[in-house]
Amino acid sequence: MSKINKILVANRGEIAVRIMRTCREMGIATVAVFSEADRTSMHVRYADEAYYVGPAPSKDSYLKADKIIEVALKSKADAIHPGYGFLSENAAFARLCRENGIVFIGPTAEVIDKMGDKIQARKAMIAAGVPVVPGTTEAIKSEDEAIETIESIGLPVMIKASAGGGGKGMRLVEKAANIISAVRAARSEALASFGDDAVYIEKYVSSPHHIEFQVLGDEHGNVVHLFERECSIQRRHQKMVEETPSVLMTEDLRYQMGKHAVDAAKAVNYVGAGTIEFLVDNDLNYYFLEMNTRLQVEHPITERVTGIDLVKKQIEVAGGMHLNLIQSELEQKGHAIECRIYAEDSDNNFMPSPGKIHNITEPLGLGVRTDGYVYEGYEIPIHYDPMISKLIVWAQTREEAIQRMRRALYEYKITGIRSSLKFLNRIMETPDFVTGNYDTNFIEKNRKTLMAESVEELEQQDMVIISAYFDFVNRKNKIIPTKELNPANNRWKKYTYQKNFDRL
Amino acid sequence: MSKINKILVANRGEIAVRIMRTCREMGIATVAVFSEADRTSMHVRYADEAYYVGPAPSKDSYLKADKIIEVALKSKADAIHPGYGFLSENAAFARLCRENGIVFIGPTAEVIDKMGDKIQARKAMIAAGVPVVPGTTEAIKSEDEAIETIESIGLPVMIKASAGGGGKGMRLVEKAANIISAVRAARSEALASFGDDAVYIEKYVSSPHHIEFQVLGDEHGNVVHLFERECSIQRRHQKMVEETPSVLMTEDLRYQMGKHAVDAAKAVNYVGAGTIEFLVDNDLNYYFLEMNTRLQVEHPITERVTGIDLVKKQIEVAGGMHLNLIQSELEQKGHAIECRIYAEDSDNNFMPSPGKIHNITEPLGLGVRTDGYVYEGYEIPIHYDPMISKLIVWAQTREEAIQRMRRALYEYKITGIRSSLKFLNRIMETPDFVTGNYDTNFIEKNRKTLMAESVEELEQQDMVIISAYFDFVNRKNKIIPTKELNPANNRWKKYTYQKNFDRL
Amino acid sequence: MPIEIKLGDRIASVKILNQNENLIEVMVDDKTYNIDLMHNDEGTFSIIESNRSHNISLVPSQKPKTYTAFTLHNTYDLEVIDAEARYIRNRGAGAIAQSEKQITAPMPGKIVKVLVKEGDEVKQGQTAVILSAMKMESEYKVAIDGVVKAVNVSDGDTVESNQVLIEID
Amino acid sequence: MPIEIKLGDRIASVKILNQNENLIEVMVDDKTYNIDLMHNDEGTFSIIESNRSHNISLVPSQKPKTYTAFTLHNTYDLEVIDAEARYIRNRGAGAIAQSEKQITAPMPGKIVKVLVKEGDEVKQGQTAVILSAMKMESEYKVAIDGVVKAVNVSDGDTVESNQVLIEID
């Protein structure tokens with residue numbers, strides 16, 4: 001067991017700040033690293049120490065494993081927390097940490113390697129008895145084998161290039177008559193795209209739910225799960241809204257899936273926080289999709305319903321401590337929803353909207369948590385992820401949580417850039433979301449109402465026009481801005497309220 | 001049962017905003033009232049409608065019952081929420097609401113009257129079997145009666161002027177020999193101060209704990225309690241820190257006190273949210289102190305451990321709904337602490353510090369709730385309460401909650417005015433608080449460490465001096481401020497990081 | 001002096017009829033409002049009109065006299081048309097198609113690849129430049145058939161919002 | 001040009017030795033620091049010194065060249081002493097007791113009661129005025145024996161921070 005007194009956070013943005021918050025609570029000193037674009041980022045100002053690691057592009061700074069190790073050694077950090085993204089699922093980096101006597105807060109390099117390889121992960125899950133999407137684990141050898149396989153797993157199926165990615169070399173087969181032509185087409189496309197015509201076959205799950213289970217494991221063989229997160233609200237595989245519990249879940253299903261999630265983690269002797277992602281169809285069949293061997297963006301909703309600080313647990317088990325959690329004592333209390341705030345223009349094809357934050361007002365009060373990192377005057381760099389903040393609400397029931405989220409979105413004001421706030425509010429008002437009747441096709445299905453033009457009364461428009469009028473006149477007459485709220489123009493004579501318009 | 005669609009909030013500051021938040025979640029429209037000093041206050045900007053009610057002094061605006069009723073009628077509000085302070089415990093106002101067909105969100109005028117009168121309240125509690133501080137309920141008639149009474153309740157006792165207040169006409173008696181002289185002295189001082197020499201006798205509880213129970217009642221005779229709040233950290237009877245659960249509490253004591261709190265509320269057919277305040281001595285004897293017939297400042301810690309939105313419950317029962325809470329199903333989960341942020345200078349005898357907020361950064365993240373109302377550029381008026389915000393944290397254990405509070409206080413930055421943030425942080429670090437070994441004498445007892453001068457390293461001072469240097473130089477050269485973080489001076493030549501100082 | 005303000009397709013005329021400090025009688029087109037307006041120099045506006053509380057935030061754009069306004073549910077682009085602007089507008093009436101002759105960056109970003117060079121003949125719909133911002137690449141296409149008059153950026157350049165990247169003739 | 005800065009009782013001399021944009025070599029008294037300093041015009045400073053991250057917020061006071069600085073744990077009053085200030089300081093060296101001859105408001109507030117009038121003889125410790133702010137009343141006493149030279153406020157007046165209320169001679 002190694003006592004951790006100082007942690008280098010090899011990340012930026014909200015997650016770097018979020019990790020440092022827990023470190024501060026635990027009395028652990030923090031070391032920030034920053035690229036040239038991030039000198040004034042919140043994580044640099046929040047940390048006890050800060051080191052420059054390179055130019056703005058990630059590959060020259062946040063992905064520079066050797067440079068980050070160098071900083072860790074120089075600053076005498078005991079451990080490195082990689083956050084999510086960047087080096088968090090990089091086995092070579094985990095190995096480099098170990099070689100330099102630095103604790104990598106995450107699973108071992110071997111586990112990262114294994115779970116990062118789709119075929120290997122799939123085999124490990126089958127061995128552990130965890131259901132996977134039915135199909136072949138190796139490339140098919142002939143068209144006959146394809147027909148045979150498809151007969152055994154049933155239509156529809158997806159034919160996928162082994163070397164594939166990005167949708168290339170993929171064919172959906174819904175009718176038996178099309179099998180041969182689809183296999184041929186996929187093969188030829190795979191050959192053209194990747195120089196390798198190997199394809200394999202998987203059952204096609206249409207309109208699935210994306211449901212994941214949070215797991216935590218320690219070095220002593222203890223593994224628990226912290227229940228599910230429903231992550232089906234996605235736009236182009238980008239999650240936008242997550243919630244827990246899932247409306248789809250029954251007590252039985254949760255028990256089964258939770259058990260499989262724990263089995264999956266145990267199968268690879270998993271240490272740390274991880275997530276088992278499942279596809280669930282409308283008949284509640286579920287299949288292992290992949291394992292994320294790191295903290296997820298959406299981890300706060302789990303923290304809110306279980307009361308457990310996941311980063312604290314990560315740090316504790318990385319230091320060799322026992323997990324000290326007993327599955328039967330864990331519970332989900334109430335309902336939590338997370339909305340991701342992106343700097344993007346939902347009215348304009350979700351175009352990224354970097355720029356300078358002019359004003360920001362965060363929602364506060366009962367049941368509201370914000371995890372962000374931008375501040376007024378901060379210029380969002382063009383080099384990194386467009387997510388600027390996460391808004392998490394909790395309430396006793398799902399209905400109340402949706403009401404609270406709407407209220408929080410009402411209070412959240414970010415000006416200077418376009419954000420996804422309006423779009424998120426629309427999601428909260430869409431009947432399919434309110435009733436909980438949705439799957440990964442939600443955004444496509446509700447595109448019309450989600451993207452409809454806002455109707456605002458003429459009067460509201462007129463108030464905007466009047467505001468612009470006064471701002472224009474005011475800027476013509478003044479130089480030095482202040483933050484004080486002024487009457488429309490200071491030059492005008494001062495009367496008290498009572499002497500003028502009758503207000504009632 | 002009356003459906004409430006629109007609520008006038010007869011208050012200002014954080015509590016007005018807090019009430020409107022819940023209204024918004026419930027789909028209830030909100031009406032703000034404001035004095036001349038509050039035109040740009042948050043509650044005016046948050047509400048759907050806003051009405052001017054008079055000049056800055058409270059007596060000319062927020063206390064103008066008739067004016068507020070007039071606004072309620074004009075705006076067609078169904079109900080008025082009085083918040084705390086101002087008209088919240090004003091029976092005449094509650095009566096005026098009823099006469100005008102407006103729901104007063106609080107108990108009836110009769111209950112406010114009864115609990116507002118110390119002697120009447122004391123008698124009602126005795127009748128309900130709730131322990132009160134031993135002593136006389138009427139003025140003593142003779143010195144012999146005084147001796148007799150004191151013999152029966154035991155020393156020490158406090159002799160108090162019936163017409164009294166402000167410490168005048170009060171005498172502490174610790175020895176039997178001093179009884180007669182103390183009675184005489186109290187009487188003559190009472191006569192001189194109030195023109196009435198009536199005095200009564202109460203048992204003196206030394207270094208008590210101030211512990212209160214939250215109760216909720218409906219029109220249908222249901223009353224539950226939502227457990228205790230420990231409020232002993234006070235400076236001159238001003239609460240500074242509250243927490244729940246109380247370290248002092250045992251399961252048994254909580255059960256007994258909770259039952260007595262419910263009995264007390266039932267004795268007066270209490271409807272709405274109320275608080276029963278008790279004094280508790282070190283032997284765990286407890287005595288009814290008074291009942292507050294309104295929402296308390298510190299209600300959020302109860303909300304956090306029970307998960308119940310108290311304002312929502314207030315609105316529901318005011319509309320005639322059933323409480324729908326069952327005592328045996330209620331539970332306290334984890335630990336919550338509230339710190340009150342005052343605009344006052346703890347380094348300078350807690351002098352009030354009104355003024356303009358220059359910059360504010362609120363703490364965010366796991367387990368942190370802020371209920372405030374000030375914003376950057378807001379000028380805190382001199383006319384009202386100095387409390388500008390409440391910081392509430394929750395964690396699984398008390399130890400973790402204290403750590404989290406320290407972290408949140410670290411993140412909370414308010415510049416432009418002096419605030420109690422530093423003093424609150426000192427409280428969180430005082431061993432007596434950390435161990436939970438404290439009573440109402442805490443601040444007096446720990447004055448030396450709480451008020452000690454901060455020792456900051458020379459280097460930190462030097463950084464402050466360097467900052468002042470650059471700000472001064474910069475202001476000489478520039479006119480138009482922006483929020484962008486700049487290098488020290490734009491005129492200096494631009495090099496990239498690598499070409500200069502070696503950073504490692 | 002009435003001032004015209006353009007909001008989307010609408011051009012509204014604004015005129016102050018009466019004012020006592022923050023209490024103002026104002027006409028927008030032919031509708032008259034009695035409002036209580038407070039604002040600060042950062043563009044935060046609080047307007048109470050018939051006791052309704054409106055919150056509006058204005059952010060000036062880089063182009064003078066233009067704003068982006070944020071209301072609760074909407075974001076608007078606004079332009080103030082004063083005497084000077086009216087003059088320029090009238091004078092420039094013939095040059096409306098100017099925007100079609102330029103490819104401008106709609107946001108700050110980094111040039112991934114420039115696909116045309118000066119003198120190239122280009123066709124409408126042809127991709128001329130690829131811009132990347134926040135891990136997303138976007139292709140920018142030519143709006144009209146023509147010849148490339150100027151290429152103002154190179155691969156790897158960082159560009160500002162509204163910067164002209166390519167000019168077509 | 002070194003500038004002197006007063007922080008509490010300490011007067012420190014600051015001198016820039018070397019600067020490349022935000023990377024600065026600076027001497028405070030006889031200690032040299034290599035710092036990376038970024039700040040904005042609202043007085044937010046981020047300094048990295050020997051890789052330690054310092055956050056400082058400066059708020060200018062109403063008096064020119066004076067600041068209140070907020071660090072994590074402390075609040076400091078600072079004054080910049082440049083050539084001009086040094087000149088005034090030196091010239092006014094004889095008038096140090098000026099502050100004892102005035103009662104000034106330490107905060108904005110409202111005058112509850114003025115207890116002296118022009119020409120009154122007053123004794124040290126005598127209460128001259130009661131000021132109220134945020135529901136709290138404070139008494140302000142005379143610092144020296146003397147005669148009231150001027151009473152600048154009346155009951156009910158609203159006063160600013162640092163406003164002179166009473167002058168004694």
# chains A, B, ... in the order shown; residues from 1 in each chain; ligands from 1

$ residues_around --residues "Ala128 in chain D" --least-positions-apart "6" --cutoff "6 Å" --atoms "only C-alpha atoms" --output "list in words"
Leu115, Val116, Tyr140 and Lys141 of chain D

$ write_last_selection --atoms "N, CA and C atoms" --output "JSON list (two decimals), in the first residue's frame"
[["chain", "number", "residue", "atom", "x", "y", "z"],
["D", 115, "LEU", "N", -24.73, 63.51, 17.45],
["D", 115, "LEU", "CA", -24.87, 63.90, 18.86],
["D", 115, "LEU", "C", -24.11, 65.18, 19.23],
["D", 116, "VAL", "N", -23.44, 65.77, 18.27],
["D", 116, "VAL", "CA", -22.70, 67.02, 18.54],
["D", 116, "VAL", "C", -23.08, 68.06, 17.49],
["D", 140, "TYR", "N", -19.62, 56.14, 16.92],
["D", 140, "TYR", "CA", -18.31, 56.66, 16.56],
["D", 140, "TYR", "C", -17.91, 57.76, 17.54],
["D", 141, "LYS", "N", -16.73, 57.58, 18.11],
["D", 141, "LYS", "CA", -16.29, 58.44, 19.21],
["D", 141, "LYS", "C", -15.21, 59.42, 18.76]]

$ select_by_dssp --residues "range 63-240 of chain B" --states "helix (DSSP H, G or I)" --output "short mmCIF file (atom, residue, chain, number, x, y, z; two decimals) with N, CA and C atoms, in the first residue's frame"
data_model
loop_
_atom_site.label_atom_id
_atom_site.label_comp_id
_atom_site.auth_asym_id
_atom_site.auth_seq_id
_atom_site.Cartn_x
_atom_site.Cartn_y
_atom_site.Cartn_z
N ALA B 65 -47.83 45.83 4.66
CA ALA B 65 -48.79 44.75 4.44
C ALA B 65 -49.87 45.14 3.43
N ASP B 66 -50.44 46.33 3.59
CA ASP B 66 -51.55 46.71 2.70
C ASP B 66 -51.10 46.84 1.25
N LYS B 67 -49.90 47.40 1.06
CA LYS B 67 -49.37 47.57 -0.29
C LYS B 67 -49.14 46.21 -0.95
N ILE B 68 -48.62 45.28 -0.16
CA ILE B 68 -48.33 43.96 -0.71
C ILE B 68 -49.62 43.21 -1.06
N ILE B 69 -50.63 43.37 -0.22
CA ILE B 69 -51.94 42.77 -0.53
C ILE B 69 -52.49 43.37 -1.83
N GLU B 70 -52.32 44.67 -1.96
CA GLU B 70 -52.79 45.37 -3.17
C GLU B 70 -52.13 44.77 -4.43
N VAL B 71 -50.82 44.54 -4.35
CA VAL B 71 -50.11 43.94 -5.49
C VAL B 71 -50.61 42.53 -5.76
N ALA B 72 -50.84 41.78 -4.69
CA ALA B 72 -51.31 40.40 -4.85
C ALA B 72 -52.65 40.38 -5.58
N LEU B 73 -53.52 41.31 -5.20
CA LEU B 73 -54.83 41.37 -5.83
C LEU B 73 -54.71 41.80 -7.29
N LYS B 74 -53.91 42.81 -7.52
CA LYS B 74 -53.75 43.32 -8.87
C LYS B 74 -53.13 42.27 -9.81
N ALA B 91 -49.01 38.08 12.47
CA ALA B 91 -50.36 37.50 12.47
C ALA B 91 -51.35 38.41 11.75
N ALA B 92 -51.19 39.72 11.92
CA ALA B 92 -52.11 40.66 11.27
C ALA B 92 -52.05 40.50 9.76
N PHE B 93 -50.84 40.27 9.24
CA PHE B 93 -50.69 40.09 7.80
C PHE B 93 -51.36 38.80 7.34
N ALA B 94 -51.17 37.74 8.11
CA ALA B 94 -51.80 36.46 7.77
C ALA B 94 -53.32 36.63 7.74
N ARG B 95 -53.83 37.42 8.67
CA ARG B 95 -55.27 37.67 8.75
C ARG B 95 -55.73 38.47 7.52
N LEU B 96 -54.95 39.47 7.16
CA LEU B 96 -55.27 40.32 6.01
C LEU B 96 -55.32 39.49 4.73
N CYS B 97 -54.39 38.55 4.60
CA CYS B 97 -54.41 37.65 3.44
C CYS B 97 -55.74 36.91 3.39
N ARG B 98 -56.10 36.32 4.53
CA ARG B 98 -57.32 35.52 4.57
C ARG B 98 -58.53 36.39 4.21
N GLU B 99 -58.59 37.60 4.77
CA GLU B 99 -59.72 38.49 4.51
C GLU B 99 -59.83 38.85 3.03
N ALA B 109 -53.27 32.82 11.51
CA ALA B 109 -52.97 33.99 12.32
C ALA B 109 -53.03 33.64 13.81
N GLU B 110 -53.98 32.80 14.18
CA GLU B 110 -54.15 32.43 15.59
C GLU B 110 -52.92 31.69 16.11
N VAL B 111 -52.40 30.79 15.29
CA VAL B 111 -51.22 30.02 15.72
C VAL B 111 -50.01 30.94 15.82
N ILE B 112 -49.86 31.84 14.85
CA ILE B 112 -48.73 32.79 14.90
C ILE B 112 -48.80 33.61 16.18
N ASP B 113 -50.00 34.09 16.48
CA ASP B 113 -50.21 34.86 17.70
C ASP B 113 -49.81 34.07 18.94
N LYS B 114 -50.33 32.88 19.02
CA LYS B 114 -50.10 32.07 20.22
C LYS B 114 -48.61 31.76 20.40
N MET B 115 -47.95 31.31 19.32
CA MET B 115 -46.55 30.91 19.46
C MET B 115 -45.62 32.13 19.57
N GLY B 116 -46.11 33.27 19.18
CA GLY B 116 -45.30 34.49 19.27
C GLY B 116 -45.24 35.06 20.67
N LYS B 118 -44.44 34.51 24.46
CA LYS B 118 -43.63 33.53 25.19
C LYS B 118 -44.41 32.80 26.28
N ILE B 119 -45.21 33.56 27.04
CA ILE B 119 -45.96 32.95 28.15
C ILE B 119 -47.03 32.00 27.61
N GLN B 120 -47.76 32.43 26.59
CA GLN B 120 -48.80 31.57 26.00
C GLN B 120 -48.20 30.30 25.41
N ALA B 121 -47.11 30.47 24.69
CA ALA B 121 -46.46 29.32 24.06
C ALA B 121 -46.00 28.34 25.13
N ARG B 122 -45.43 28.89 26.20
CA ARG B 122 -44.94 28.06 27.31
C ARG B 122 -46.09 27.26 27.92
N LYS B 123 -47.22 27.92 28.11
CA LYS B 123 -48.37 27.22 28.68
C LYS B 123 -48.87 26.13 27.75
N ALA B 124 -48.93 26.43 26.46
CA ALA B 124 -49.40 25.44 25.49
C ALA B 124 -48.49 24.20 25.50
N MET B 125 -47.20 24.44 25.64
CA MET B 125 -46.25 23.32 25.65
C MET B 125 -46.39 22.48 26.91
N ILE B 126 -46.56 23.16 28.03
CA ILE B 126 -46.75 22.42 29.28
C ILE B 126 -47.99 21.54 29.17
N ALA B 127 -49.06 22.12 28.60
CA ALA B 127 -50.30 21.36 28.43
C ALA B 127 -50.09 20.16 27.51
N GLU B 143 -40.71 37.91 47.62
CA GLU B 143 -39.36 37.36 47.73
C GLU B 143 -39.40 35.95 48.30
N ASP B 144 -40.37 35.68 49.16
CA ASP B 144 -40.51 34.32 49.71
C ASP B 144 -40.83 33.34 48.61
N GLU B 145 -41.76 33.76 47.72
CA GLU B 145 -42.12 32.88 46.60
C GLU B 145 -40.90 32.61 45.74
N ALA B 146 -40.06 33.62 45.60
CA ALA B 146 -38.83 33.45 44.82
C ALA B 146 -37.96 32.37 45.43
N ILE B 147 -37.75 32.45 46.75
CA ILE B 147 -36.91 31.46 47.43
C ILE B 147 -37.50 30.06 47.29
N GLU B 148 -38.79 29.97 47.46
CA GLU B 148 -39.50 28.69 47.37
C GLU B 148 -39.32 28.09 45.97
N THR B 149 -39.58 28.92 44.98
CA THR B 149 -39.47 28.47 43.59
C THR B 149 -38.06 27.98 43.28
N ILE B 150 -37.09 28.77 43.71
CA ILE B 150 -35.70 28.43 43.40
C ILE B 150 -35.30 27.14 44.09
N GLU B 151 -35.80 26.95 45.30
CA GLU B 151 -35.52 25.68 45.99
C GLU B 151 -36.07 24.50 45.20
N SER B 152 -37.27 24.69 44.62
CA SER B 152 -37.87 23.55 43.91
C SER B 152 -37.19 23.27 42.57
N ILE B 153 -36.74 24.29 41.85
CA ILE B 153 -36.10 23.99 40.54
C ILE B 153 -34.58 23.87 40.62
N ALA B 176 -27.38 30.35 46.84
CA ALA B 176 -28.62 30.64 47.56
C ALA B 176 -28.53 31.97 48.29
N ALA B 177 -27.35 32.28 48.82
CA ALA B 177 -27.17 33.50 49.60
C ALA B 177 -27.49 34.76 48.80
N ASN B 178 -27.40 34.64 47.46
CA ASN B 178 -27.58 35.85 46.64
C ASN B 178 -28.99 36.05 46.13
N ILE B 179 -29.90 35.13 46.50
CA ILE B 179 -31.24 35.18 45.90
C ILE B 179 -31.92 36.53 46.15
N ILE B 180 -32.02 36.90 47.41
CA ILE B 180 -32.77 38.12 47.75
C ILE B 180 -32.18 39.35 47.06
N SER B 181 -30.87 39.49 47.16
CA SER B 181 -30.25 40.69 46.57
C SER B 181 -30.45 40.70 45.05
N ALA B 182 -30.41 39.53 44.43
CA ALA B 182 -30.58 39.46 42.98
C ALA B 182 -32.01 39.84 42.58
N VAL B 183 -32.97 39.33 43.32
CA VAL B 183 -34.37 39.65 43.02
C VAL B 183 -34.56 41.16 43.12
N ARG B 184 -34.01 41.74 44.20
CA ARG B 184 -34.17 43.19 44.39
C ARG B 184 -33.51 43.98 43.26
N ALA B 185 -32.32 43.57 42.91
CA ALA B 185 -31.59 44.28 41.86
C ALA B 185 -32.33 44.18 40.52
N ALA B 186 -32.80 42.97 40.21
CA ALA B 186 -33.52 42.77 38.95
C ALA B 186 -34.77 43.63 38.92
N ARG B 187 -35.47 43.64 40.05
CA ARG B 187 -36.71 44.41 40.12
C ARG B 187 -36.45 45.90 39.90
N SER B 188 -35.43 46.41 40.59
CA SER B 188 -35.23 47.86 40.50
C SER B 188 -34.76 48.23 39.09
N GLU B 189 -33.95 47.35 38.47
CA GLU B 189 -33.51 47.62 37.11
C GLU B 189 -34.68 47.54 36.12
N ALA B 190 -35.56 46.57 36.38
CA ALA B 190 -36.73 46.40 35.52
C ALA B 190 -37.63 47.63 35.61
N LEU B 191 -37.80 48.09 36.83
CA LEU B 191 -38.64 49.28 37.04
C LEU B 191 -38.04 50.47 36.29
N ALA B 192 -36.74 50.63 36.47
CA ALA B 192 -36.07 51.76 35.83
C ALA B 192 -36.13 51.66 34.29
N SER B 193 -36.00 50.46 33.80
CA SER B 193 -35.93 50.30 32.34
C SER B 193 -37.30 50.25 31.67
N PHE B 194 -38.25 49.57 32.33
CA PHE B 194 -39.52 49.31 31.65
C PHE B 194 -40.72 49.89 32.39
#

$ residues_around --residues "Ile466 in chain B" --least-positions-apart "2" --cutoff "9 Å" --atoms "only C-alpha atoms" --output "PyMOL selection string"
(chain B and resi 461-464+468-471) or (chain D and resi 5+14+26-28)

$ closest_atom_pairs --of "chain C" --to "chain A" --cutoff "6 Å" --atoms "only C-alpha atoms" --output "Markdown table"
| residue | atom | partner | partner_atom | distance |
| --- | --- | --- | --- | --- |
| C:Glu21 | CA | A:Trp492 | CA | 5.3 |
| C:Asn22 | CA | A:Pro487 | CA | 4.6 |
| C:Met38 | CA | A:Pro487 | CA | 4.8 |
| C:His39 | CA | A:Leu485 | CA | 5.0 |
| C:Asn40 | CA | A:Leu485 | CA | 4.4 |
| C:Asp41 | CA | A:Pro481 | CA | 5.0 |
| C:Gly109 | CA | A:Ile382 | CA | 5.7 |
| C:Ala133 | CA | A:Ile382 | CA | 5.0 |
| C:Met134 | CA | A:Tyr384 | CA | 4.9 |

$ write_last_selection --atoms "C-alpha atoms" --output "PDB file, in the first residue's frame"
ATOM      1  CA  GLU C  21     -34.345  58.255 -15.775  1.00  0.00           C
ATOM      2  CA  ASN C  22     -35.092  54.530 -16.002  1.00  0.00           C
ATOM      3  CA  MET C  38     -31.944  49.079 -16.187  1.00  0.00           C
ATOM      4  CA  HIS C  39     -28.755  47.836 -17.765  1.00  0.00           C
ATOM      5  CA  ASN C  40     -25.038  47.666 -17.249  1.00  0.00           C
ATOM      6  CA  ASP C  41     -22.148  48.138 -19.578  1.00  0.00           C
ATOM      7  CA  GLY C 109     -10.568  27.418 -36.049  1.00  0.00           C
ATOM      8  CA  ALA C 133     -12.522  23.385 -34.583  1.00  0.00           C
ATOM      9  CA  MET C 134     -13.037  21.388 -31.413  1.00  0.00           C
TER      10      MET C 134
END

$ residues_around --residues "range 271-273 of chain B" --least-positions-apart "5" --cutoff "10 Å" --atoms "only C-alpha atoms" --output "PDB file with C-alpha atoms, in the first residue's frame"
ATOM      1  CA  ILE B 105     -48.288  30.134   2.992  1.00  0.00           C
ATOM      2  CA  GLY B 106     -47.784  29.495   6.686  1.00  0.00           C
ATOM      3  CA  PRO B 107     -49.847  28.710   9.755  1.00  0.00           C
ATOM      4  CA  THR B 108     -53.038  30.554  10.718  1.00  0.00           C
ATOM      5  CA  VAL B 111     -51.223  30.018  15.721  1.00  0.00           C
ATOM      6  CA  GLN B 214     -38.183  20.700  11.689  1.00  0.00           C
ATOM      7  CA  VAL B 215     -41.898  19.919  11.628  1.00  0.00           C
ATOM      8  CA  LEU B 216     -44.437  19.798   8.815  1.00  0.00           C
ATOM      9  CA  GLY B 217     -48.203  19.711   9.290  1.00  0.00           C
ATOM     10  CA  ASP B 218     -51.235  19.671   7.012  1.00  0.00           C
ATOM     11  CA  GLU B 219     -54.904  20.678   7.377  1.00  0.00           C
ATOM     12  CA  HIS B 220     -55.871  17.072   7.872  1.00  0.00           C
ATOM     13  CA  GLY B 221     -54.142  16.638  11.191  1.00  0.00           C
ATOM     14  CA  ASN B 222     -50.967  14.984   9.914  1.00  0.00           C
ATOM     15  CA  VAL B 223     -47.724  16.148  11.466  1.00  0.00           C
ATOM     16  CA  VAL B 224     -44.232  14.731  10.965  1.00  0.00           C
ATOM     17  CA  HIS B 225     -40.797  15.903  12.019  1.00  0.00           C
ATOM     18  CA  ALA B 265     -47.096  21.164  16.619  1.00  0.00           C
ATOM     19  CA  LYS B 266     -50.186  19.035  17.062  1.00  0.00           C
ATOM     20  CA  ASN B 292     -40.609  29.570  14.711  1.00  0.00           C
ATOM     21  CA  THR B 293     -43.750  29.555  12.620  1.00  0.00           C
ATOM     22  CA  ARG B 294     -41.978  29.887   9.262  1.00  0.00           C
ATOM     23  CA  LEU B 295     -39.211  28.501   7.098  1.00  0.00           C
ATOM     24  CA  GLN B 296     -35.776  28.766   8.748  1.00  0.00           C
ATOM     25  CA  HIS B 299     -33.711  24.602   6.156  1.00  0.00           C
ATOM     26  CA  LEU B 310     -39.538  22.001   2.103  1.00  0.00           C
ATOM     27  CA  VAL B 311     -40.851  24.932   0.081  1.00  0.00           C
ATOM     28  CA  LYS B 313     -44.273  20.904   0.888  1.00  0.00           C
ATOM     29  CA  GLN B 314     -45.237  24.330   2.239  1.00  0.00           C
ATOM     30  CA  ILE B 315     -46.987  25.184  -1.006  1.00  0.00           C
ATOM     31  CA  GLU B 316     -48.708  21.813  -1.195  1.00  0.00           C
ATOM     32  CA  VAL B 317     -50.138  21.900   2.328  1.00  0.00           C
ATOM     33  CA  ALA B 318     -51.078  25.578   1.957  1.00  0.00           C
ATOM     34  CA  GLY B 320     -54.898  21.928   1.218  1.00  0.00           C
ATOM     35  CA  LEU B 323     -48.695  15.789   3.474  1.00  0.00           C
TER      36      LEU B 323
END

$ closest_residue --among "B:Glu212, B:Asp432, B:Glu400, B:Glu444" --to "chain A" --atoms "only C-alpha atoms"
B:Glu400

$ residues_around --residues "Ser46 in chain C" --least-positions-apart "5" --cutoff "6 Å" --atoms "only C-alpha atoms" --output "list in words"
Leu37, Met38, His54 and Asn55 of chain C

$ write_last_selection --atoms "N, CA, C and O atoms" --output "short mmCIF file (atom, residue, chain, number, x, y, z; two decimals), in the first residue's frame"
data_model
loop_
_atom_site.label_atom_id
_atom_site.label_comp_id
_atom_site.auth_asym_id
_atom_site.auth_seq_id
_atom_site.Cartn_x
_atom_site.Cartn_y
_atom_site.Cartn_z
N LEU C 37 -36.34 50.36 -17.51
CA LEU C 37 -35.17 49.69 -18.09
C LEU C 37 -33.91 50.00 -17.30
O LEU C 37 -33.56 51.15 -17.10
N MET C 38 -33.24 48.94 -16.84
CA MET C 38 -31.94 49.08 -16.19
C MET C 38 -30.97 48.21 -16.97
O MET C 38 -31.32 47.14 -17.45
N HIS C 54 -38.32 41.07 -17.95
CA HIS C 54 -37.57 40.51 -19.09
C HIS C 54 -36.08 40.60 -18.83
O HIS C 54 -35.59 41.63 -18.36
N ASN C 55 -35.36 39.56 -19.15
CA ASN C 55 -33.90 39.57 -19.05
C ASN C 55 -33.29 39.37 -20.41
O ASN C 55 -33.62 38.42 -21.10
#
